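Colleague: What follows is run_19.tsv; its format and atoms are TSV, C-alpha atoms.
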chain	number	residue	atom	x	y	z
A	29	MET	CA	15.78	5.28	27.22
A	30	SER	CA	12.76	7.38	27.95
A	31	PHE	CA	11.28	5.08	30.63
A	32	ASP	CA	12.54	3.97	34.04
A	33	SER	CA	11.01	0.48	34.05
A	34	PHE	CA	9.17	-1.94	31.78
A	35	GLY	CA	5.99	-1.16	33.69
A	36	ASP	CA	6.44	2.53	32.88
A	37	PHE	CA	7.00	1.61	29.23
A	38	LEU	CA	3.74	-0.33	29.10
A	39	ALA	CA	1.85	2.44	30.90
A	40	MET	CA	3.04	5.12	28.41
A	41	GLY	CA	2.42	7.87	30.96
A	42	GLY	CA	-1.23	6.82	31.30
A	43	HIS	CA	-1.75	6.66	27.50
A	44	GLY	CA	-0.84	2.98	27.15
A	45	PHE	CA	-4.34	1.99	26.07
A	46	TYR	CA	-4.25	4.33	23.05
A	47	VAL	CA	-0.64	3.76	22.05
A	48	TRP	CA	-0.80	-0.03	22.21
A	49	TRP	CA	-4.13	-0.27	20.42
A	50	ALA	CA	-2.77	1.87	17.57
A	51	TYR	CA	0.38	-0.27	17.26
A	52	LEU	CA	-1.53	-3.55	17.52
A	53	LEU	CA	-3.95	-2.49	14.79
A	54	THR	CA	-1.05	-1.47	12.56
A	55	ALA	CA	0.67	-4.84	13.08
A	56	VAL	CA	-2.51	-6.70	12.12
A	57	VAL	CA	-3.16	-4.62	8.98
A	58	VAL	CA	0.49	-4.84	7.87
A	59	ALA	CA	0.45	-8.63	8.34
A	60	LEU	CA	-2.72	-8.86	6.25
A	61	ILE	CA	-1.45	-6.81	3.32
A	62	LEU	CA	1.75	-8.87	3.23
A	63	VAL	CA	0.11	-12.29	3.52
A	64	TRP	CA	-2.97	-11.75	1.38
A	65	PRO	CA	-1.33	-11.47	-2.10
A	66	VAL	CA	0.91	-14.47	-1.37
A	67	TRP	CA	-2.04	-16.53	-0.19
A	68	ARG	CA	-4.03	-15.50	-3.26
A	69	ARG	CA	-1.16	-16.47	-5.58
A	70	ARG	CA	-0.83	-19.90	-3.95
A	71	ARG	CA	-4.53	-20.52	-4.30
A	72	PHE	CA	-4.41	-19.51	-7.97
A	73	LEU	CA	-1.46	-21.83	-8.67
A	74	ARG	CA	-3.19	-24.74	-6.94
A	75	GLU	CA	-6.48	-24.24	-8.77
A	76	GLN	CA	-4.88	-23.60	-12.14
A	77	ARG	CA	-2.74	-26.70	-11.78
A	78	GLY	CA	-5.86	-28.74	-11.11
A	79	ARG	CA	-7.57	-27.29	-14.18
A	80	LEU	CA	-4.54	-27.96	-16.39
A	81	ARG	CA	-4.26	-31.56	-15.20
A	82	ARG	CA	-7.96	-32.16	-15.83
A	83	SER	CA	-7.83	-30.68	-19.32
A	84	ARG	CA	-4.75	-32.76	-20.11
A	85	ALA	CA	-6.43	-35.92	-18.86
A	86	LEU	CA	-9.31	-35.14	-21.21
A	87	GLY	CA	-6.83	-34.76	-24.08
A	88	GLY	CA	-7.15	-30.98	-24.26
A	89	GLN	CA	-4.17	-28.76	-24.97
A	90	THR	CA	-2.21	-26.68	-22.46
A	91	GLY	CA	-3.57	-23.36	-21.32
A	92	SER	CA	-7.05	-23.69	-22.78
A	93	SER	CA	-8.94	-23.22	-19.53
A	94	SER	CA	-11.15	-20.38	-20.64
A	95	ASP	CA	-13.57	-21.13	-17.81
A	96	ALA	CA	-11.02	-20.09	-15.16
A	97	PRO	CA	-12.75	-17.83	-12.66
A	98	GLU	CA	-11.25	-14.53	-11.53
A	99	THR	CA	-9.58	-15.00	-8.19
B	36	MET	CA	7.94	7.65	-30.44
B	37	LYS	CA	10.02	8.38	-33.55
B	38	TYR	CA	12.77	10.32	-31.81
B	39	ILE	CA	13.22	8.01	-28.85
B	40	PRO	CA	16.45	5.98	-29.07
B	41	ASP	CA	16.05	2.31	-29.89
B	42	GLY	CA	17.54	1.01	-26.64
B	43	LEU	CA	15.23	3.12	-24.51
B	44	ARG	CA	12.21	2.02	-26.51
B	45	ARG	CA	13.17	-1.63	-26.09
B	46	LEU	CA	13.56	-1.13	-22.33
B	47	TRP	CA	10.12	0.50	-22.14
B	48	HIS	CA	8.53	-2.39	-24.03
B	49	ARG	CA	10.30	-4.98	-21.92
B	50	MET	CA	9.22	-3.23	-18.72
B	51	GLY	CA	5.68	-3.30	-20.00
B	52	SER	CA	5.82	-7.07	-20.33
B	53	PRO	CA	4.01	-8.81	-17.45
B	54	ARG	CA	6.22	-11.86	-17.84
B	55	TRP	CA	9.38	-9.75	-17.53
B	56	PHE	CA	7.95	-8.14	-14.38
B	57	TYR	CA	7.09	-11.50	-12.84
B	58	GLU	CA	10.50	-13.01	-13.50
B	59	THR	CA	12.58	-9.96	-12.58
B	60	THR	CA	10.89	-8.89	-9.35
B	61	ALA	CA	11.25	-12.32	-7.68
B	62	SER	CA	14.85	-11.56	-6.74
B	63	TRP	CA	14.03	-8.03	-5.44
B	64	LEU	CA	11.61	-9.15	-2.76
B	65	PRO	CA	13.99	-10.55	-0.11
B	66	TRP	CA	16.14	-7.37	-0.26
B	67	LEU	CA	13.21	-4.99	-0.13
B	68	GLY	CA	11.56	-7.02	2.63
B	69	GLY	CA	14.75	-7.26	4.68
B	70	ALA	CA	15.45	-3.53	4.42
B	71	ALA	CA	11.82	-2.73	5.31
B	72	ALA	CA	11.92	-4.98	8.40
B	73	LEU	CA	15.21	-3.46	9.58
B	74	LEU	CA	14.11	0.17	9.12
B	75	ILE	CA	10.72	-0.40	10.77
B	76	ALA	CA	12.23	-2.36	13.67
B	77	VAL	CA	14.77	0.38	14.44
B	78	GLY	CA	12.31	3.23	13.86
B	79	THR	CA	9.57	1.67	15.99
B	80	VAL	CA	11.76	0.64	18.94
B	81	TRP	CA	13.43	4.07	18.89
B	82	GLY	CA	10.13	5.86	18.63
B	83	LEU	CA	8.40	3.83	21.33
B	84	ALA	CA	11.18	3.55	23.90
B	85	PHE	CA	13.96	6.08	23.26
B	86	ALA	CA	12.36	9.25	21.89
B	87	PRO	CA	11.45	11.66	24.73
B	88	PRO	CA	7.75	12.31	25.44
B	89	ASP	CA	6.15	15.35	23.84
B	90	TYR	CA	5.96	18.31	26.24
B	91	LEU	CA	2.23	18.79	25.60
B	92	GLN	CA	0.91	15.40	24.51
B	93	GLY	CA	3.08	13.16	26.69
B	94	ASP	CA	3.54	9.61	25.41
B	95	SER	CA	0.44	9.49	23.22
B	96	PHE	CA	2.43	11.37	20.55
B	97	ARG	CA	4.30	8.09	19.86
B	98	ILE	CA	1.37	7.13	17.62
B	99	ILE	CA	2.93	9.57	15.13
B	100	TYR	CA	5.50	6.90	14.17
B	101	ILE	CA	2.82	4.79	12.50
B	102	HIS	CA	0.19	7.45	11.74
B	103	VAL	CA	2.39	9.61	9.49
B	104	PRO	CA	3.79	6.72	7.38
B	105	ALA	CA	0.26	5.30	6.93
B	106	ALA	CA	-1.20	8.68	5.95
B	107	TYR	CA	1.70	9.34	3.58
B	108	LEU	CA	1.27	5.99	1.82
B	109	ALA	CA	-2.50	6.38	1.63
B	110	GLN	CA	-1.91	9.41	-0.60
B	111	ALA	CA	1.19	8.14	-2.43
B	112	GLY	CA	-0.68	4.92	-3.28
B	113	TYR	CA	-3.52	6.91	-4.78
B	114	ILE	CA	-1.14	9.00	-6.89
B	115	LEU	CA	0.58	5.81	-8.06
B	116	MET	CA	-2.80	4.42	-9.10
B	117	ALA	CA	-3.61	7.59	-11.06
B	118	VAL	CA	-0.21	7.53	-12.81
B	119	CYS	CA	-0.86	3.90	-13.79
B	120	GLY	CA	-4.27	5.03	-15.04
B	121	VAL	CA	-2.64	7.62	-17.33
B	122	ILE	CA	-0.13	5.05	-18.63
B	123	LEU	CA	-2.95	2.60	-19.29
B	124	LEU	CA	-5.09	5.14	-21.16
B	125	VAL	CA	-2.22	6.64	-23.19
B	126	TRP	CA	-0.01	3.64	-23.92
B	127	ARG	CA	-2.40	0.73	-23.29
B	128	MET	CA	0.20	-0.91	-21.09
B	129	LYS	CA	-1.38	-3.99	-19.49
B	130	LEU	CA	1.15	-4.07	-16.65
B	131	ALA	CA	0.01	-0.60	-15.53
B	132	ASP	CA	-3.51	-1.98	-15.16
B	133	MET	CA	-2.20	-4.88	-13.08
B	134	VAL	CA	-0.28	-2.52	-10.77
B	135	MET	CA	-3.41	-0.35	-10.46
B	136	THR	CA	-5.43	-3.43	-9.45
B	137	ALA	CA	-2.83	-4.46	-6.88
B	138	VAL	CA	-2.47	-1.00	-5.30
B	139	ALA	CA	-6.19	-0.42	-4.63
B	140	PRO	CA	-6.68	-2.75	-1.62
B	141	ILE	CA	-3.24	-1.92	-0.19
B	142	GLY	CA	-3.86	1.82	-0.47
B	143	ALA	CA	-7.28	1.34	1.10
B	144	ALA	CA	-5.66	-0.59	3.98
B	145	PHE	CA	-3.20	2.26	4.66
B	146	THR	CA	-5.99	4.85	4.44
B	147	PHE	CA	-7.99	2.85	6.98
B	148	LEU	CA	-4.89	2.66	9.17
B	149	ALA	CA	-4.30	6.42	8.92
B	150	LEU	CA	-7.92	7.09	9.96
B	151	ALA	CA	-7.91	4.49	12.74
B	152	THR	CA	-4.58	5.50	14.32
B	153	GLY	CA	-5.54	9.15	13.98
B	154	SER	CA	-8.86	8.46	15.67
B	155	ILE	CA	-7.17	6.61	18.56
B	156	TRP	CA	-4.66	9.47	18.88
B	157	GLY	CA	-7.48	12.01	18.82
B	158	LYS	CA	-9.09	10.71	22.00
B	159	PRO	CA	-6.30	11.60	24.49
B	160	THR	CA	-5.22	14.68	22.49
B	161	TRP	CA	-8.45	16.37	21.36
B	162	GLY	CA	-10.87	14.57	23.67
B	163	THR	CA	-12.77	12.85	20.85
B	164	TYR	CA	-12.35	9.84	18.57
B	165	TRP	CA	-13.99	11.55	15.62
B	166	ILE	CA	-14.72	15.03	14.38
B	167	TRP	CA	-15.94	16.18	10.94
B	168	ASP	CA	-12.85	18.22	10.36
B	169	ALA	CA	-11.52	19.10	6.88
B	170	ARG	CA	-8.44	16.88	7.06
B	171	ILE	CA	-10.24	13.86	8.48
B	172	THR	CA	-13.22	14.18	6.14
B	173	SER	CA	-11.02	14.49	3.04
B	174	VAL	CA	-9.08	11.36	4.07
B	175	LEU	CA	-12.39	9.54	4.58
B	176	ILE	CA	-13.30	10.54	1.00
B	177	LEU	CA	-9.95	9.05	-0.08
B	178	LEU	CA	-10.99	5.76	1.53
B	179	PHE	CA	-14.30	5.88	-0.35
B	180	LEU	CA	-12.45	6.56	-3.62
B	181	TYR	CA	-10.30	3.47	-3.05
B	182	LEU	CA	-13.37	1.37	-2.24
B	183	GLY	CA	-15.13	2.79	-5.30
B	184	ILE	CA	-12.27	1.72	-7.55
B	185	ILE	CA	-12.20	-1.77	-6.02
B	186	GLY	CA	-15.98	-2.06	-6.47
B	187	LEU	CA	-15.92	-0.70	-10.02
B	188	ARG	CA	-13.34	-3.28	-11.06
B	189	ARG	CA	-15.45	-6.10	-9.65
B	190	ALA	CA	-18.62	-4.79	-11.26
B	191	ILE	CA	-17.29	-4.80	-14.85
B	192	GLU	CA	-16.63	-8.20	-16.33
B	193	ARG	CA	-14.29	-7.43	-19.23
B	194	PRO	CA	-10.84	-6.61	-17.78
B	195	GLU	CA	-10.06	-4.04	-20.52
B	196	ALA	CA	-13.26	-2.08	-19.87
B	197	ALA	CA	-12.82	-2.38	-16.10
B	198	GLY	CA	-9.25	-1.09	-16.38
B	199	ARG	CA	-10.28	1.97	-18.38
B	200	ALA	CA	-13.17	2.80	-16.04
B	201	CYS	CA	-10.92	2.49	-12.96
B	202	ALA	CA	-8.23	4.58	-14.66
B	203	ILE	CA	-10.69	7.43	-15.25
B	204	LEU	CA	-12.02	7.30	-11.68
B	205	ALA	CA	-8.45	7.21	-10.30
B	206	ILE	CA	-7.41	10.22	-12.41
B	207	VAL	CA	-10.50	12.29	-11.54
B	208	GLY	CA	-10.09	11.46	-7.85
B	209	VAL	CA	-6.58	12.92	-7.73
B	210	ILE	CA	-8.22	16.30	-7.11
B	211	ASN	CA	-8.74	15.06	-3.54
B	212	ILE	CA	-4.99	14.80	-2.88
B	213	PRO	CA	-4.21	18.58	-2.86
B	214	ILE	CA	-7.40	19.06	-0.84
B	215	ILE	CA	-6.04	16.66	1.80
B	216	LYS	CA	-2.66	18.38	1.74
B	217	TYR	CA	-3.94	21.96	2.10
B	218	SER	CA	-6.97	21.17	4.27
B	219	VAL	CA	-4.95	22.06	7.37
B	220	ASP	CA	-4.15	25.52	5.93
B	221	TRP	CA	-7.44	26.37	4.21
B	222	TRP	CA	-9.88	25.52	6.98
B	223	MET	CA	-9.94	25.88	10.73
B	224	THR	CA	-8.90	22.49	11.92
B	225	LEU	CA	-7.79	20.57	14.98
B	226	HIS	CA	-5.24	18.67	12.93
B	227	GLN	CA	-1.64	19.79	13.26
B	228	PRO	CA	0.28	20.85	10.11
B	229	ALA	CA	2.82	18.62	8.36
B	230	THR	CA	5.78	17.33	10.39
B	231	PHE	CA	8.17	17.26	7.45
B	232	SER	CA	8.52	19.88	4.76
B	233	VAL	CA	11.01	20.29	1.93
B	234	THR	CA	11.65	23.95	2.64
B	235	SER	CA	12.20	24.14	6.40
B	236	ALA	CA	13.81	22.17	9.21
B	237	PRO	CA	11.46	20.02	11.35
B	238	ALA	CA	10.18	21.63	14.53
B	239	MET	CA	11.12	18.49	16.49
B	240	PRO	CA	14.63	17.61	17.70
B	241	PRO	CA	16.43	14.87	15.70
B	242	ILE	CA	15.92	12.29	18.48
B	243	MET	CA	12.19	12.57	17.72
B	244	TRP	CA	12.15	12.97	13.94
B	245	VAL	CA	14.88	10.52	12.88
B	246	PRO	CA	12.81	7.47	13.96
B	247	LEU	CA	9.86	8.95	12.09
B	248	LEU	CA	11.97	9.25	8.95
B	249	LEU	CA	13.15	5.63	9.38
B	250	ASN	CA	9.57	4.42	9.69
B	251	VAL	CA	8.41	6.46	6.67
B	252	LEU	CA	11.21	4.90	4.59
B	253	GLY	CA	10.53	1.42	5.99
B	254	PHE	CA	6.79	1.65	5.32
B	255	ASN	CA	7.56	2.77	1.77
B	256	LEU	CA	9.58	-0.38	1.19
B	257	LEU	CA	6.87	-2.45	2.86
B	258	PHE	CA	4.34	-0.88	0.51
B	259	ALA	CA	6.62	-1.71	-2.45
B	260	VAL	CA	6.88	-5.36	-1.34
B	261	SER	CA	3.13	-5.64	-1.00
B	262	VAL	CA	2.41	-3.95	-4.36
B	263	ILE	CA	4.98	-6.14	-6.13
B	264	GLN	CA	3.49	-9.29	-4.57
B	265	GLY	CA	-0.01	-8.20	-5.52
B	266	THR	CA	1.05	-7.35	-9.07
B	267	ARG	CA	2.79	-10.72	-9.46
B	268	THR	CA	-0.43	-12.49	-8.49
B	269	GLU	CA	-2.38	-10.26	-10.86
B	270	VAL	CA	0.04	-11.09	-13.70
B	271	LEU	CA	-0.59	-14.82	-13.22
B	272	VAL	CA	-4.37	-14.46	-13.04
B	273	ARG	CA	-4.63	-12.18	-16.07
B	274	GLU	CA	-2.10	-14.12	-18.17
B	275	ARG	CA	-3.39	-17.56	-17.17
B	276	ARG	CA	-4.18	-18.53	-20.77
B	277	THR	CA	-0.59	-18.05	-21.92
B	278	ARG	CA	1.84	-20.92	-22.27
B	279	TRP	CA	4.42	-19.52	-19.83
B	280	VAL	CA	1.89	-19.30	-16.97
B	281	SER	CA	0.66	-22.83	-17.69
B	282	GLU	CA	4.21	-24.15	-17.58
B	283	LEU	CA	4.90	-22.20	-14.39
B	284	CYS	CA	1.78	-23.63	-12.75
B	285	LEU	CA	2.81	-27.19	-13.47
B	286	ARG	CA	6.44	-26.56	-12.50
B	287	GLU	CA	6.16	-24.51	-9.32
B	288	ARG	CA	5.30	-26.11	-5.99
B	289	ALA	CA	2.91	-23.91	-4.08
How does this structure look as structure tokens?
Modeller:
Amino acid sequence: MSFDSFGDFLAMGGHGFYVWWAYLLTAVVVALILVWPVWRRRRFLREQRGRLRRSRALGGQTGSSSDAPET
Amino acid sequence: MKYIPDGLRRLWHRMGSPRWFYETTASWLPWLGGAAALLIAVGTVWGLAFAPPDYLQGDSFRIIYIHVPAAYLAQAGYILMAVCGVILLVWRMKLADMVMTAVAPIGAAFTFLALATGSIWGKPTWGTYWIWDARITSVLILLFLYLGIIGLRRAIERPEAAGRACAILAIVGVINIPIIKYSVDWWMTLHQPATFSVTSAPAMPPIMWVPLLLNVLGFNLLFAVSVIQGTRTEVLVRERRTRWVSELCLRERA
């Protein structure tokens, strides 16, 4: 252990402000790049399902939704 | 392709199939994600709490444990994009285009992170958040290249044309990678030279560089998870008119 107390650990020898900002920013960006593709996939599945159901209800065939927007 | 054995050719074609990619990678993700979380947890706790402070920089040097992995992936991501560009132009492999699309925002995020953590580290170490130094400027150009590729893809409507245009920009932009690498040797710079090199032992003691190695490996796996997730989404969007995606949409609860 490089620090004597938890307070020392947070202070980072007077550089706490810089160290913790850098780590916080990294945590936020990493969370975003992990969540974003999953969120985008879920949204696509939901929207595509809606389109397929509508086209089926209208008597269309599966997978003919040529008007699907790019997500 | 005449002299390539049949089995190898079949494997290549199967790997190029977006559907194969989507179905196969699902089972990889928990393992990759778990290993990434473990490596990063150990590397970060070790780096933050157990590595000794640097004799010159004190505790601010601990930013290295996220700055180096981010900067490494910023460049590796770009090279990956360029390799996908070559595969797309030479073999017309659609999956390569999907990977290229998925990598762009992730690589841009890591480039931003490398610049931001470097800037925060610069303040206590060099006395300034920003300086137009060769290393920093060339990494900023890397960020603009990523943003250019993202913008180019959005600007061109036909996916095939957009893919080819992005491939060419990605390949031309690779020239920036050796410039980033050698910028610290070619120009007078504040930036320190590389921590790891293939030819010589690190200048740090193991208690300082082992956590860095763990974090570099962990961030690589994290990058892989993110690129695979992004590519899977891209596969669905681009293949949405096929029967297997339609069936998947109706089957899968999201």
Colleague: List the neighbours of region 36-50 of chain A out to 10 Å using all atoms listed in the file; skip same-chain residues closer than 3 positions along the sequence, and give me the result as a PyMOL selection string.
Modeller: (chain A and resi 29-33+53-55) or (chain B and resi 83-84+88+92-99+101-102+148-149+151-159)
Colleague: Any idea what's packed within 9 Å of Val66 (chain A), counting only C-alpha atoms, ignoring anything in its chain fewer than 5 positions away? Could you give it as a list in words?
Modeller: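 Non-adjacent residues within range: Arg71 of chain A; Gln264, Gly265 and Thr268 of chain B.
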Colleague: Measuring atom to atom with all atoms listed in the file, identify which of B:Tyr100, B:Leu74, B:Leu43, B:Thr163 is nearest to Ala86 (chain B).
Modeller: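 With all atoms listed in the file as the atom set, the closest residue is B:Tyr100.
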Colleague: Just checking: using only C-alpha atoms, which residue out of B:Leu249, B:Val174, B:Met239, B:Ala144 ends up closest to chain A?
Modeller: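 Selected residue with least distance to chain A: B:Ala144.
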Colleague: Measuring atom to atom with only C-alpha atoms, identify which of B:Ile214, B:Leu124, B:Ala196, B:Leu130 is nearest to Phe56 (chain B).
Modeller: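 Result for the nearest residue to Phe56 (chain B): B:Leu130.
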Colleague: So how far away is CA of Ile206 (chain B) from CA of Ala117 (chain B), in Å?
Modeller: 4.8 Å
Colleague: Return the single residue from B:Thr146, B:Ser52, B:Thr160, B:Thr60 that is closest to Arg127 (chain B), with distances computed using all atoms listed in the file.
Modeller: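 The shortest atom-to-atom distance to Arg127 (chain B) comes from B:Ser52.
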Colleague: With all atoms listed in the file as the basis for distance, which of A:Glu75, A:Leu52, A:Ser83, A:Arg69 is at the shortest distance from chain B?
Modeller: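 The shortest atom-to-atom distance to chain B comes from A:Arg69.
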Colleague: Counting all atoms listed in the file, which residues come within 10 Å of (-0.6, -17.7, -7.6), with the point read in the file's coordinates, and could you list them as a PyMOL selection string?
Modeller: (chain A and resi 65-76+99) or (chain B and resi 264-265+267-272+275+280+283-284+287+289)
Colleague: For CA of Ile166 (chain B) and CA of Val219 (chain B), quote the distance in Å rounded to one decimal.
Modeller: 13.9 Å
Colleague: Using only C-alpha atoms, which of B:Leu182, B:Ala197, B:Val262, B:Ala76 sits nearest chain A?
Modeller: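 For chain A, the nearest of the given residues is B:Val262.
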Colleague: Around the point (2.2, -1.3, 1.5) in the file's coordinates, collect all residues with an atom within 12 Å, using all atoms listed in the file, and return them as a PyMOL selection string.
Modeller: (chain A and resi 54+57-65) or (chain B and resi 67-68+71+104-113+137-146+148+251-265)
Colleague: Hey, can you check how far CA of Arg189 (chain B) sits from CA of Arg278 (chain B)?
Modeller: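 Going from CA of Arg189 (chain B) over to CA of Arg278 (chain B) covers 26.0 Å.
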